[in-house]
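Below is one structure, written out as structure tokens; comments come after it.
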Amino acid sequence: MAPSLYWWAKETHRGTPVVVKMDNPNNWSMVELESPSDEDFIYPNDAVPKGGRNKNAKQLTWVLLLKAHKAAGCLTSIAAAFLSLAAIVRRRVASGRTDCTDTSSTENPTVKSRFYGCIKAFLWLSLILLCFEMAAYFRGWHFGTPDLQLQHLYTLTNPFVVKGLFDSLYSKWVLIRIEYLAPPLQFLANACIILFLIQSLDRLILCLGCFWIKLRKIKPVPKQSLVDLESGDGDGYFPMVLVQIPMCNEKEVYQQSIAAVCNLDWPKGKLLIQVLDDSDDPITVSLIKDEVHKWQQNGANILYRHRVIREGYKAGNLKSAMNCSYVKDYEFVAIFDADFQPNPDFLMRTVPHFKDNEELGLVQARWSFVNKDENLLTRLQLINLAFHFEVEQQVNGIFLNFFGFNGTAGVWRIKALEESGGWLERTTVEDMDIAVRAHLHGWKFIFLNDVECQCELPESYEAYRKQQHRWHSGPMQLFRLCLPAIIRSKISIWKKANMIFLFFLLRKLILPFYSFTLFCIILPMTMFIPEATLPSWVVCYVPATMSFLNILPAPKSFPFIVPYLLFENTMSVTKFNAMISGLFQLGSAYEWVVTKKSGRSSEGDLISLVDREPKHQRGSSEPNLEEMREEIKQQEQRASKKKKHNRIYTKELALAFLLLTASARSLLSAQGIHFYFLLFQGISFLLVGLDLIGEQVV
């Protein structure tokens with residue numbers, strides 16, 4: 001046996017000895033190392049038979065030392081990262097730029113701090129409970145969801161058993177949890193789960209509707225094909241169209257929007273452009289006036305209107321423009337926000353849908369984005385908006401002929417606006433307001449998924465946060481005001497139910513309510529009150545499935561599915577706060593802040609606009625491209641001189657520490673999925689709270 005053993009050992013020792021290269025302690029490499037064989041453990045180093053190769057213990061020692069050094073280096077890197085993060089927090093706190101010191105907000109500070117105070121109270125309570133639970137854990141109280149050690153609890157609550165002060169207090173705390181805290185918490189959790197499932201079912205039905213539309217290739221088709229302007233009017237359908245561009249202090253984007261609108265393909269005598277300027281910055285006013293004058297000299301039929309008093313914000317601006325005497329000569333009005341750049345054929349592809357369709361009040365186009373790949377924040381926004389247009393708007397337009405007007409990139413029949421009461425300044429969502437009132441008056445809407453209009457996404461979290469606050473507080477304001485009118489309207493019961501329960505309650509109220517309450521409040525509380533539970537499928541599987549459905553309209557965004565899921569839950573604090581403000585008419589419900597633009601249109605876009613010769617403006621001079629380039633360059637230089645700052649967001653930071661505290665408590669109960677969800681969700685809140693997502697704000 002011995003020779004065969006030696007032969008086997010000899011064969012298995014074919015390899016290159018370890019070679020360690022070390023220039024310095026931080027720069028080393030290992031070429032190859034053999035793993036120890038069974039023979040190494042059978043024979044001592046000095047007893048290996050002849051022909052066997054003695055293992056050098058120093059090689060193993062070197063490797064162990066080097067691996068220990070590498071591990072120490074990793075720990076040092078992690079520590080350095082935490083120190084860097086702490087330095088960022090210290091600098092931002094020292095600079096005083098937090099959301100509590102934001103002077104651009106019109107919200108009452110008392111109202112603003114109320115919600116933050118509630119979150120802070122939950123945080124301190126969770127920290128106290130975590131310390132209490134850790135002390136109990138090290139004293140033998142190993143409570144988990146499946147096993148509450150009732151026998152141990154019975155022994156400690158027995159009056160005839162001698163027990164310590166801590167055990168007595170903790171046993172009473174457990175009884176309080178079981179008797180008084182767990183039942184209402186479990187009831188609230190079950191209610192939120194039901195709402196969660198209903199909303200998930202609604203999203204699934206929308207996706208199935210979109211799939212059916214794609215499968216059957218359903219799309220709105222105009223009754224008249226496009227007519228080339230080269231041949232003159234002929235029998236073409238060219239009604240009088242008014243184009244409005246409302247703007248306010250948006251000097252970064254006014255040039256490209258005006259240029260794009262002035263290059264629309266439409267007979268010159270049947271098109272009038274209104275630039276509706278609410279700017280209060282004299283430099284911006286002067287720049288926009290000069291731009292309008294430049295295009296007037298170029299032959300465009302364009303007017304400049306400026307309001308000194310900004311009553312009613314955008315709704316007041318549009319209302320004032322519609323009161324002009326010459327508006328009665330026009331049949332349709334197209335609206336573009338200051339950062340929107342319609343393609344030249346926009347009117348040619350939207351207006352023909354109105355022909356011989358007297359019930360049609362609105363044609364809405366889809367948005368596309370020039371900066372969708374700018375940073376992580378814009379990529380995550382793209383997922384939401386792609387689902388909104390591809391699924392929600394398209395399905396509702398095809399099957400219900402109703403959806404919320406997006407406020408821009410749409411063409412209205414002026415008669416529909418007038419019969420519905422015109423623009424009203426009563427909410428911050430004037431676009432949804434006019435759409436609801438028009439639907440109650442029987443007007444139908446069409447959504448064109450294949451007609452796109454370029455615009456910008458907010459690139460900083462500050463701008464996105466304010467936009468989302470307005471978008472989620474306004475619908476609740478509108479719901480309070482419109483509910484009696486919806487009930488009294490003459491539309492069918494089915495349409496009333498759809499508007500009340502689906503359009504408003506489910507998608508505007510329930511969605512932000514359960515996403516914040518379930519994942520940011522109830523889930524952390526169940527870690528400290530383990531007698532109330534949330535199933536793993538609620539925490540992980542259903543949200544992952546819904547995120548998968550949301551991301552289908554933007555397939556290139558699949559690598560961001562996990563950040564998207566976490567970020568949506570992170571944004572729930574802003575959306576929930578906005579929803580409550582709008583529902584109960586708090587101070588921030590009437591806050592209107594113009595979304596900051598960066599003017600991401602490239603110079604190539606401007607060249608394509610001015611180099612393109614409009615078919616209805618032949619013989620006219622072109623705007624001076626060199627002046628455009630110089631002005632853009634000067635604006636960039638002025639912007640670069642401004643010092644940029646990041647803010648810290650107190651509510652998001654407080655929730656981050658609350659979730660991280662709850663994740664630490666979940667380790668004591670060995671709840672794997674809950675721990676990972678709370679950990680990564682807490683990190684997500686931390687990154688957003690420190691404003692480490694998106695661009696810096698000025």
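The way I read the labels, and the way they are meant: chains A, B, ... in the order of the structure tokens, residue 1 as the first residue of every chain, and ligand 1 as the first ligand shown, with later ones counted on from there.
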
- With a distance cut-off of 7 Å and only C-alpha atoms, select the neighbouring residues of stretch 263-274 of chain A, excluding the residue or stretch itself and same-chain residues fewer than 3 positions from it, and output the selection as a list in words.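 That gives Pro239, Met240, Val241, Leu242, Val243, Gln244, Ile245, Ala259, Ala260, Asn301, Ile302, Leu303, Tyr304, Pro344, Asp345, Met348, Pro614 and His616 of chain A.
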
- Task: Within 8 Å of A:Gln199, counting only C-alpha atoms, which residues show up once you throw out same-chain ones fewer than 3 positions away? Write them as a list in words, please.
- Result: Leu195, Phe196, Asp202, Arg203, Leu506, Arg507, Ile510 and Leu511 of chain A

- Which of stretch 270-475 of chain A counts as helix (DSSP H, G or I) under DSSP, as an NGL selection string please? :A and (270 or 282-297 or 313-322 or 325-329 or 346-354 or 376-399 or 414-419 or 430-440 or 461-475)
